[in-house]
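Read the structure below first, then the notes.
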Amino acid sequence: MKRLIPGLAALALLLSCSGATSPSAQNENPAQIAKMEWFAQAKLGIFIHWGIYAVDGVSESWSFHNGYVPYEKYMAQAERFTASGYNPQAWADLIVRSGAKYTVITSKHHDGVALWDTKADDKSLAKMSPAARDVLTPFVNAVRERGIKLGLYYSLIDWSHPDYPNIYRNGPPRYDITEEPGRWQKFLDFNDIQLQELSQAYSPDLWWFDGDWEQSAESWKAKELTDRLRAWNPSVIINSRIQGYGDYGTPEIGVPVTKPRERWWELCYTINDSWGFQHKDVNFKSPQMVLRNLVDCISNGGNLLLDIGPREDGSIPEEEVRVLEELGRWISKHQEAVYETKAGIPGEHVAAYTSLGLGSDVLYIYLPYKPIGAVEVKGLVDNIKNIRVVGSDIAPSWKIYNKLSWTDVPGLLEITVPEEALDSAITVLAIETNGPVTLYRGAGQVVTMND
Ligand code: GLC
């Protein structure tokens, strides 16, 4: 056969998907990689915002901070927080059914009201509310019994604390921490006592800090704090909201469009438009939309931390349960394409989300729509072993078009998925390859020779 020059040029543009992209020293550290493994494979976590704000359905802490609700009125919600129908076992069962591998619960939000019976001050549901008990411990126990990883959200900010420098966004500050370092230190000691209580009682797998933006790393003594937390539990994972001392990134609400810079990341977002329960907020996302966003995170190598907001009585709104149940249905059918994956291939190759199996020898294609005609994949080197529909016994048919024997530019792979093999939400195709999935990343070439 004829050829060769164009083929050689094309070869230079081939990209094997088994090669890692230049990670930083920290990302290369084997101990760090081992520590992050469960997190990297978890893909879905359930975030729970539960607190006195659920009583009137106002925004968690921000409603008084921003001046929408007077502080006293906000705090008075505690008198009507009952937890009367609270069933932590049912919460944990629902999390298991959703397919999530971890949960993060607000042990204390910026309003300073603790869900556990803290000894550090009197601001807890146990002391302030008719619930009159520690509501965190039974949830932690239920989570532990089911083998779900435990994350504790802890707000570094405590706008209720007399030694925290501010309370209102537009009001005068209580004091200036540079002028009263001793008072600020008193506040840091208070946070420390609480973090010690939580550590000792629950030994969380993950700390989810929030509110670091109000002070610098130096003021929070972020290095010392994270060193202490890691000394208490060397395998603990810490989110990024601790002024640069965390393990992973936490984009919020906005779904990343390009792959985040951090090797490990998690999108936290709301199931409607609120973190906590709000009676008027019925802008729930559909199960299919949440699934699509989950798959989007997976395709960019991240996790989705999906938030739910239980009512003050502990019941979880039906619409939220429905979303979690549907996540569970879809995930259990497509497990291999969820947990055993890493980020997919560049978007130009196929009009769909993608991920790679951990061994790089399977390419998953997620179709959040009903294809019209065949699904086309371009630039995929033909070392195809098999193509199947995940969770279905019905085989798709496939064919390669436009492949010239004398060039390395791959042909167009056309996959036809029988209607009966489509999933009701997102269909997943698995392209198994002999060796790593390899891509042609060039701009094509002129055909200088023909048969
Ligand atoms: C924000 C808010 C907070 C919410 C959190 C969850 O930073 O301060 O209300 O709990 O994000 O990601």
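Every chain in the structure tokens has a letter given in the order shown (A, B, ...), and although residue numbers restart at 1 in each chain, ligands are simply numbered from 1 in the order shown.
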
Would you mind listing, for every residue of chain A within 8 Å of ligand 1, the two atoms forming the shortest contact and the distance between them in Å to one decimal, using only C-alpha atoms and all ligand atoms, sorted by chain and ascending residue number, as JSON lines?
```
{"residue": "A:His49", "atom": "CA", "partner": "ligand 1", "partner_atom_place_in_ligand_line": "10 (O)", "distance": 7.0}
{"residue": "A:Ser59", "atom": "CA", "partner": "ligand 1", "partner_atom_place_in_ligand_line": "9 (O)", "distance": 7.5}
{"residue": "A:Glu60", "atom": "CA", "partner": "ligand 1", "partner_atom_place_in_ligand_line": "9 (O)", "distance": 5.7}
{"residue": "A:Ser61", "atom": "CA", "partner": "ligand 1", "partner_atom_place_in_ligand_line": "9 (O)", "distance": 6.9}
{"residue": "A:Trp62", "atom": "CA", "partner": "ligand 1", "partner_atom_place_in_ligand_line": "9 (O)", "distance": 6.7}
{"residue": "A:Thr106", "atom": "CA", "partner": "ligand 1", "partner_atom_place_in_ligand_line": "10 (O)", "distance": 7.7}
{"residue": "A:His109", "atom": "CA", "partner": "ligand 1", "partner_atom_place_in_ligand_line": "10 (O)", "distance": 6.8}
{"residue": "A:His110", "atom": "CA", "partner": "ligand 1", "partner_atom_place_in_ligand_line": "8 (O)", "distance": 7.4}
{"residue": "A:Asp210", "atom": "CA", "partner": "ligand 1", "partner_atom_place_in_ligand_line": "7 (O)", "distance": 5.9}
{"residue": "A:Gly211", "atom": "CA", "partner": "ligand 1", "partner_atom_place_in_ligand_line": "8 (O)", "distance": 6.2}
{"residue": "A:Thr250", "atom": "CA", "partner": "ligand 1", "partner_atom_place_in_ligand_line": "12 (O)", "distance": 7.9}
{"residue": "A:Glu252", "atom": "CA", "partner": "ligand 1", "partner_atom_place_in_ligand_line": "12 (O)", "distance": 6.0}
{"residue": "A:Ile253", "atom": "CA", "partner": "ligand 1", "partner_atom_place_in_ligand_line": "12 (O)", "distance": 8.0}
{"residue": "A:Cys268", "atom": "CA", "partner": "ligand 1", "partner_atom_place_in_ligand_line": "12 (O)", "distance": 5.8}
{"residue": "A:Tyr269", "atom": "CA", "partner": "ligand 1", "partner_atom_place_in_ligand_line": "12 (O)", "distance": 7.1}
{"residue": "A:Trp275", "atom": "CA", "partner": "ligand 1", "partner_atom_place_in_ligand_line": "4 (C)", "distance": 6.3}
```

Export of the given selection (all heavy atoms) as a CSV table (one decimal), in the first residue's frame:
```csv
chain,number,residue,atom,x,y,z
A,49,HIS,N,-28.9,20.4,55.0
A,49,HIS,CA,-28.9,21.7,55.7
A,49,HIS,C,-30.1,21.6,56.6
A,49,HIS,O,-31.3,21.6,56.1
A,49,HIS,CB,-29.1,22.9,54.8
A,49,HIS,CG,-27.8,23.4,54.3
A,49,HIS,ND1,-26.9,22.7,53.4
A,49,HIS,CD2,-27.1,24.6,54.5
A,49,HIS,CE1,-25.9,23.4,53.2
A,49,HIS,NE2,-25.9,24.6,53.8
A,59,SER,N,-33.8,32.1,54.8
A,59,SER,CA,-32.5,31.6,54.3
A,59,SER,C,-31.6,31.4,55.5
A,59,SER,O,-31.6,32.2,56.5
A,59,SER,CB,-31.9,32.5,53.3
A,59,SER,OG,-31.4,33.6,53.8
A,60,GLU,N,-30.9,30.3,55.5
A,60,GLU,CA,-30.0,29.9,56.7
A,60,GLU,C,-29.0,31.0,57.0
A,60,GLU,O,-28.3,31.4,56.2
A,60,GLU,CB,-29.3,28.5,56.4
A,60,GLU,CG,-28.3,28.6,55.2
A,60,GLU,CD,-28.9,28.8,53.8
A,60,GLU,OE1,-30.1,28.5,53.6
A,60,GLU,OE2,-28.2,29.3,53.0
A,61,SER,N,-29.1,31.5,58.2
A,61,SER,CA,-28.2,32.5,58.8
A,61,SER,C,-28.2,33.8,58.0
A,61,SER,O,-28.3,34.9,58.6
A,61,SER,CB,-26.8,32.0,58.9
A,61,SER,OG,-26.8,30.7,59.5
A,62,TRP,N,-28.2,33.7,56.7
A,62,TRP,CA,-28.0,34.9,55.9
A,62,TRP,C,-29.2,35.9,56.1
A,62,TRP,O,-29.1,37.1,55.9
A,62,TRP,CB,-27.9,34.6,54.4
A,62,TRP,CG,-26.6,33.9,54.1
A,62,TRP,CD1,-26.4,32.5,54.0
A,62,TRP,CD2,-25.4,34.5,53.9
A,62,TRP,NE1,-25.1,32.2,53.8
A,62,TRP,CE2,-24.4,33.4,53.7
A,62,TRP,CE3,-24.9,35.8,53.8
A,62,TRP,CZ2,-23.1,33.7,53.4
A,62,TRP,CZ3,-23.6,36.0,53.6
A,62,TRP,CH2,-22.7,35.0,53.4
A,106,THR,N,-24.9,19.8,58.3
A,106,THR,CA,-24.6,21.0,59.0
A,106,THR,C,-24.6,20.8,60.5
A,106,THR,O,-25.6,20.9,61.1
A,106,THR,CB,-25.6,22.1,58.7
A,106,THR,OG1,-27.0,21.5,58.9
A,106,THR,CG2,-25.5,22.6,57.2
A,109,HIS,N,-24.4,26.0,61.5
A,109,HIS,CA,-24.3,27.0,60.4
A,109,HIS,C,-23.8,28.3,60.9
A,109,HIS,O,-23.4,28.4,62.1
A,109,HIS,CB,-25.7,27.1,59.7
A,109,HIS,CG,-25.5,27.5,58.3
A,109,HIS,ND1,-25.7,28.8,57.9
A,109,HIS,CD2,-25.2,26.9,57.1
A,109,HIS,CE1,-25.5,29.0,56.6
A,109,HIS,NE2,-25.2,27.8,56.1
A,110,HIS,N,-23.8,29.3,60.1
A,110,HIS,CA,-23.2,30.6,60.5
A,110,HIS,C,-24.0,31.2,61.7
A,110,HIS,O,-23.5,32.1,62.3
A,110,HIS,CB,-23.2,31.6,59.4
A,110,HIS,CG,-22.7,31.2,58.0
A,110,HIS,ND1,-21.7,30.3,57.9
A,110,HIS,CD2,-23.1,31.5,56.8
A,110,HIS,CE1,-21.5,30.0,56.6
A,110,HIS,NE2,-22.3,30.7,55.9
A,210,ASP,N,-16.9,26.1,56.1
A,210,ASP,CA,-17.6,27.2,55.3
A,210,ASP,C,-17.4,28.5,56.0
A,210,ASP,O,-17.2,28.6,57.2
A,210,ASP,CB,-19.1,26.9,55.3
A,210,ASP,CG,-19.8,27.6,54.2
A,210,ASP,OD1,-19.1,28.1,53.2
A,210,ASP,OD2,-21.1,27.7,54.2
A,211,GLY,N,-17.3,29.5,55.2
A,211,GLY,CA,-17.2,30.9,55.7
A,211,GLY,C,-15.8,31.4,55.9
A,211,GLY,O,-15.6,32.5,56.5
A,250,THR,N,-14.4,23.2,45.9
A,250,THR,CA,-15.9,23.2,46.1
A,250,THR,C,-16.6,24.2,45.3
A,250,THR,O,-17.2,25.2,45.9
A,250,THR,CB,-16.2,23.4,47.6
A,250,THR,OG1,-15.7,24.7,48.0
A,250,THR,CG2,-15.7,22.3,48.5
A,252,GLU,N,-19.7,26.0,43.7
A,252,GLU,CA,-21.0,26.0,44.4
A,252,GLU,C,-22.1,26.5,43.4
A,252,GLU,O,-21.9,27.5,42.7
A,252,GLU,CB,-20.9,26.9,45.6
A,252,GLU,CG,-22.2,27.2,46.3
A,252,GLU,CD,-21.9,27.9,47.7
A,252,GLU,OE1,-20.8,27.8,48.2
A,252,GLU,OE2,-22.8,28.5,48.2
A,253,ILE,N,-23.2,25.8,43.3
A,253,ILE,CA,-24.3,26.1,42.5
A,253,ILE,C,-24.1,26.0,41.0
A,253,ILE,O,-24.7,25.3,40.3
A,253,ILE,CB,-25.0,27.5,42.9
A,253,ILE,CG1,-25.3,27.5,44.4
A,253,ILE,CG2,-26.2,27.8,42.1
A,253,ILE,CD1,-26.5,26.8,44.8
A,268,CYS,N,-21.2,21.5,44.9
A,268,CYS,CA,-22.3,21.5,45.9
A,268,CYS,C,-23.5,22.3,45.3
A,268,CYS,O,-23.2,23.4,44.8
A,268,CYS,CB,-22.0,21.9,47.3
A,268,CYS,SG,-21.2,23.6,47.4
A,269,TYR,N,-24.6,21.7,45.2
A,269,TYR,CA,-25.8,22.5,44.7
A,269,TYR,C,-27.1,22.1,45.3
A,269,TYR,O,-27.2,21.0,45.9
A,269,TYR,CB,-25.7,22.6,43.2
A,269,TYR,CG,-26.4,21.6,42.3
A,269,TYR,CD1,-26.7,21.9,41.0
A,269,TYR,CD2,-26.9,20.4,42.8
A,269,TYR,CE1,-27.3,21.0,40.2
A,269,TYR,CE2,-27.6,19.5,42.0
A,269,TYR,CZ,-27.8,19.8,40.7
A,269,TYR,OH,-28.4,18.9,39.9
A,275,TRP,N,-30.8,26.2,50.3
A,275,TRP,CA,-30.0,25.1,51.0
A,275,TRP,C,-30.9,24.5,52.1
A,275,TRP,O,-31.0,23.3,52.2
A,275,TRP,CB,-28.8,25.7,51.7
A,275,TRP,CG,-27.8,26.2,50.7
A,275,TRP,CD1,-27.5,27.5,50.4
A,275,TRP,CD2,-26.9,25.4,49.9
A,275,TRP,NE1,-26.5,27.5,49.4
A,275,TRP,CE2,-26.2,26.3,49.1
A,275,TRP,CE3,-26.8,24.0,49.7
A,275,TRP,CZ2,-25.2,25.8,48.1
A,275,TRP,CZ3,-25.8,23.6,48.8
A,275,TRP,CH2,-25.1,24.4,48.0
```

Exercise. Please provide the set of residues having any atom within 12 Å of Leu188 (chain A), restricted to only C-alpha atoms, with same-chain residues fewer than 4 positions apart removed, written as a ChimeraX atom specification.
Key: /A:120,156-158,161,163-165,177,181-184,192-195,215,218-222,224-225

Could you please take those selected residues and save N, CA and C atoms as a compact mmCIF listing (two decimals), in the first residue's frame?
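Full text of out_20.txt as output:
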```
# COMPACT_ATOMS: atom_id res chain seq x y z
N ALA A 120 -19.54 23.83 74.67
CA ALA A 120 -18.79 25.08 74.52
C ALA A 120 -19.65 26.32 74.80
N LEU A 156 -17.03 28.15 60.13
CA LEU A 156 -15.98 28.84 60.90
C LEU A 156 -16.53 30.15 61.47
N ILE A 157 -17.38 30.76 60.65
CA ILE A 157 -18.06 31.99 61.09
C ILE A 157 -19.11 31.61 62.13
N ASP A 158 -19.24 32.42 63.19
CA ASP A 158 -20.37 32.26 64.10
C ASP A 158 -20.89 33.66 64.41
N HIS A 161 -21.86 34.58 68.02
CA HIS A 161 -20.91 34.52 69.13
C HIS A 161 -20.42 35.92 69.52
N ASP A 163 -17.78 36.94 70.67
CA ASP A 163 -16.38 37.23 70.32
C ASP A 163 -16.10 37.09 68.83
N TYR A 164 -17.15 36.85 68.05
CA TYR A 164 -16.93 36.89 66.59
C TYR A 164 -17.06 38.37 66.18
N PRO A 165 -16.17 38.86 65.31
CA PRO A 165 -16.12 40.31 65.08
C PRO A 165 -17.33 40.96 64.41
N ILE A 177 -10.41 42.77 64.94
CA ILE A 177 -9.55 41.72 65.51
C ILE A 177 -8.08 42.14 65.63
N PRO A 181 -6.62 41.29 69.67
CA PRO A 181 -6.23 39.93 69.30
C PRO A 181 -6.60 38.89 70.37
N GLY A 182 -6.64 39.31 71.61
CA GLY A 182 -6.98 38.38 72.70
C GLY A 182 -8.43 37.92 72.58
N ARG A 183 -9.28 38.85 72.21
CA ARG A 183 -10.71 38.52 72.06
C ARG A 183 -10.90 37.58 70.87
N TRP A 184 -10.18 37.86 69.80
CA TRP A 184 -10.25 36.98 68.62
C TRP A 184 -9.75 35.58 68.97
N ASP A 192 -12.24 25.79 68.41
CA ASP A 192 -11.39 24.63 68.67
C ASP A 192 -12.04 23.61 69.61
N ILE A 193 -12.67 24.13 70.64
CA ILE A 193 -13.34 23.23 71.60
C ILE A 193 -14.44 22.46 70.85
N GLN A 194 -15.19 23.18 70.03
CA GLN A 194 -16.27 22.51 69.31
C GLN A 194 -15.71 21.46 68.33
N LEU A 195 -14.64 21.83 67.65
CA LEU A 195 -14.07 20.88 66.69
C LEU A 195 -13.49 19.65 67.39
N GLN A 215 -12.18 35.88 56.95
CA GLN A 215 -10.89 36.17 57.59
C GLN A 215 -9.78 35.54 56.76
N GLU A 218 -4.11 33.54 58.02
CA GLU A 218 -3.36 33.84 59.24
C GLU A 218 -4.31 34.02 60.41
N SER A 219 -5.39 34.78 60.17
CA SER A 219 -6.34 35.01 61.27
C SER A 219 -7.01 33.72 61.72
N TRP A 220 -7.39 32.89 60.79
CA TRP A 220 -8.01 31.61 61.18
C TRP A 220 -6.98 30.65 61.78
N LYS A 221 -5.70 30.99 61.60
CA LYS A 221 -4.61 30.04 61.95
C LYS A 221 -4.90 28.72 61.25
N ALA A 222 -5.16 28.87 59.95
CA ALA A 222 -5.63 27.74 59.15
C ALA A 222 -4.63 26.59 59.11
N GLU A 224 -2.32 25.76 61.38
CA GLU A 224 -2.31 25.07 62.69
C GLU A 224 -3.59 24.24 62.85
N LEU A 225 -4.70 24.84 62.47
CA LEU A 225 -5.97 24.13 62.64
C LEU A 225 -6.01 22.84 61.81
```

Could you give me, as a PDB file with C-alpha atoms, in the first residue's frame, the residues within 7 Å of region 258-264 of chain A, counting only C-alpha atoms and dropping anything in the same chain fewer than 6 positions from it?
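Result saved to selection-v2.pdb:
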```pdb
ATOM      1  CA  ASN A  27      -1.528  15.433  43.515  1.00  0.00           C
ATOM      2  CA  ALA A  40     -12.769  10.117  44.056  1.00  0.00           C
ATOM      3  CA  TYR A 248     -10.357  19.501  47.231  1.00  0.00           C
ATOM      4  CA  GLY A 249     -12.261  22.252  45.459  1.00  0.00           C
ATOM      5  CA  ASN A 300     -15.190  16.300  34.383  1.00  0.00           C
ATOM      6  CA  GLY A 302     -15.700  15.465  40.048  1.00  0.00           C
TER       7      GLY A 302
END
```

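By chain and then residue number, the residues within 8 Å of Tyr440 (chain A) are A:Ala10, A:Leu11, A:Leu13, A:Leu14, A:Leu15, A:Gly379, A:Leu380, A:Val381, A:Val409, A:Pro410, A:Thr438, A:Gly442, counting only C-alpha atoms and disregarding those fewer than 2 positions away in sequence.
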
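Among A:Ala425, A:Ser405, A:Ile95, A:Val390, the residue with the shortest atom-to-atom distance to Tyr369 (chain A), counting only C-alpha atoms, is A:Ala425.
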
Using only C-alpha atoms, which residues of region 12-74 of chain A come within 12 Å of region 205-208 of chain A, and what is the closest atom pair for each, with the distance in Å to one decimal? Give it as a tab-separated table, sorted by chain and residue number.
```
residue	atom	partner	partner_atom	distance
A:Lys35	CA	A:Asp205	CA	10.2
A:Met36	CA	A:Leu206	CA	10.4
A:Trp38	CA	A:Asp205	CA	10.0
A:Phe39	CA	A:Leu206	CA	9.4
A:Gly45	CA	A:Leu206	CA	11.5
A:Phe47	CA	A:Trp208	CA	10.1
A:Ile48	CA	A:Trp208	CA	11.7
```

Output of the above residues as a PDB file, in the first residue's frame, restricted to N, CA, C and O atoms:
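File produced: result34.pdb:
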```
ATOM      1  N   LYS A  35      -5.446   8.494  50.203  1.00  0.00           N
ATOM      2  CA  LYS A  35      -6.409   9.095  51.126  1.00  0.00           C
ATOM      3  C   LYS A  35      -7.676   9.541  50.384  1.00  0.00           C
ATOM      4  O   LYS A  35      -8.786   9.401  50.887  1.00  0.00           O
ATOM      5  N   MET A  36      -7.487  10.066  49.177  1.00  0.00           N
ATOM      6  CA  MET A  36      -8.612  10.626  48.428  1.00  0.00           C
ATOM      7  C   MET A  36      -9.402   9.574  47.648  1.00  0.00           C
ATOM      8  O   MET A  36     -10.389   9.901  46.992  1.00  0.00           O
ATOM      9  N   TRP A  38     -11.504   7.018  48.268  1.00  0.00           N
ATOM     10  CA  TRP A  38     -12.948   6.801  48.453  1.00  0.00           C
ATOM     11  C   TRP A  38     -13.733   7.989  47.930  1.00  0.00           C
ATOM     12  O   TRP A  38     -14.802   7.841  47.331  1.00  0.00           O
ATOM     13  N   PHE A  39     -13.176   9.181  48.134  1.00  0.00           N
ATOM     14  CA  PHE A  39     -13.850  10.398  47.697  1.00  0.00           C
ATOM     15  C   PHE A  39     -13.932  10.434  46.164  1.00  0.00           C
ATOM     16  O   PHE A  39     -14.976  10.736  45.587  1.00  0.00           O
ATOM     17  N   GLY A  45     -22.676  12.639  46.801  1.00  0.00           N
ATOM     18  CA  GLY A  45     -22.839  12.816  48.242  1.00  0.00           C
ATOM     19  C   GLY A  45     -24.153  13.547  48.480  1.00  0.00           C
ATOM     20  O   GLY A  45     -24.643  14.260  47.596  1.00  0.00           O
ATOM     21  N   PHE A  47     -25.893  16.340  50.812  1.00  0.00           N
ATOM     22  CA  PHE A  47     -25.661  17.460  51.724  1.00  0.00           C
ATOM     23  C   PHE A  47     -26.970  17.686  52.477  1.00  0.00           C
ATOM     24  O   PHE A  47     -28.046  17.619  51.867  1.00  0.00           O
ATOM     25  N   ILE A  48     -26.893  17.919  53.767  1.00  0.00           N
ATOM     26  CA  ILE A  48     -28.121  18.171  54.527  1.00  0.00           C
ATOM     27  C   ILE A  48     -27.972  19.484  55.280  1.00  0.00           C
ATOM     28  O   ILE A  48     -27.062  19.640  56.088  1.00  0.00           O
TER      29      ILE A  48
END
```

Practice problem: Compare A:Tyr153, A:Tyr366, A:Tyr401, A:Trp330 by their minimum atom-to-atom distance to Val428 (chain A), counting only C-alpha atoms, and give me the closest one. | Solution: A:Tyr366

Quiz item: Using only C-alpha atoms, which of A:Val417, A:Ile387, A:Ile167, A:Ala343 sits nearest Asn66 (chain A)?
Solution: A:Ile167

Exercise. As a PyMOL selection string, please: all residues of region 30-201 of chain A that backbone DSSP puts in alpha helix (DSSP H).
Key: chain A and resi 30-35+37-42+53-56+62-65+71-76+88-98+125-128+136-145+181-201

Self-check item: Residue list (strand (DSSP E or B), DSSP) for region 300-451 of chain A, as number ranges by chain
Solution: A: 303-308, 341-343, 353-357, 362-367, 375-378, 380, 384-389, 397-401, 412-416, 427-433, 438-440

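Reported to one decimal place, the separation of CA of Asp111 (chain A) from CA of Ser160 (chain A) is 5.7 Å.
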
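Our summary of the geometry notes that CA of Trp116 (chain A) is positioned 6.9 Å from CA of Thr137 (chain A).
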
Quiz item: Which polymer residues have any atom within 7 Å of an atom of Ile384 (chain A), counting only C-alpha atoms, with same-chain residues fewer than 6 positions away left out, as a PyMOL selection string?
Solution: chain A and resi 431-434

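For Arg146 (chain A), the non-local neighbours within 9 Å, defined as residues at least 6 positions apart in the same chain or in other chains and counting only C-alpha atoms, are A:Ala92, A:Asp93, A:Val96.
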
Practice problem: Extract, using only C-alpha atoms, all DNA, RNA and protein residues at most 6 Å from region 127-131 of chain A, discarding same-chain residues fewer than 2 positions from it, and format them as a VMD selection string. | Solution: chain A and resid 78 to 79 81 to 83 124 to 125 133

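If only C-alpha atoms are the atoms counted, then among A:Ile237, A:Leu44, A:Leu229, A:Val437 the closest residue to Gln32 (chain A) is A:Ile237.
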
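Closest to Val257 (chain A) among A:Ile345, A:Ile308, A:Cys297, A:Ile33 is A:Cys297, based on only C-alpha atoms.
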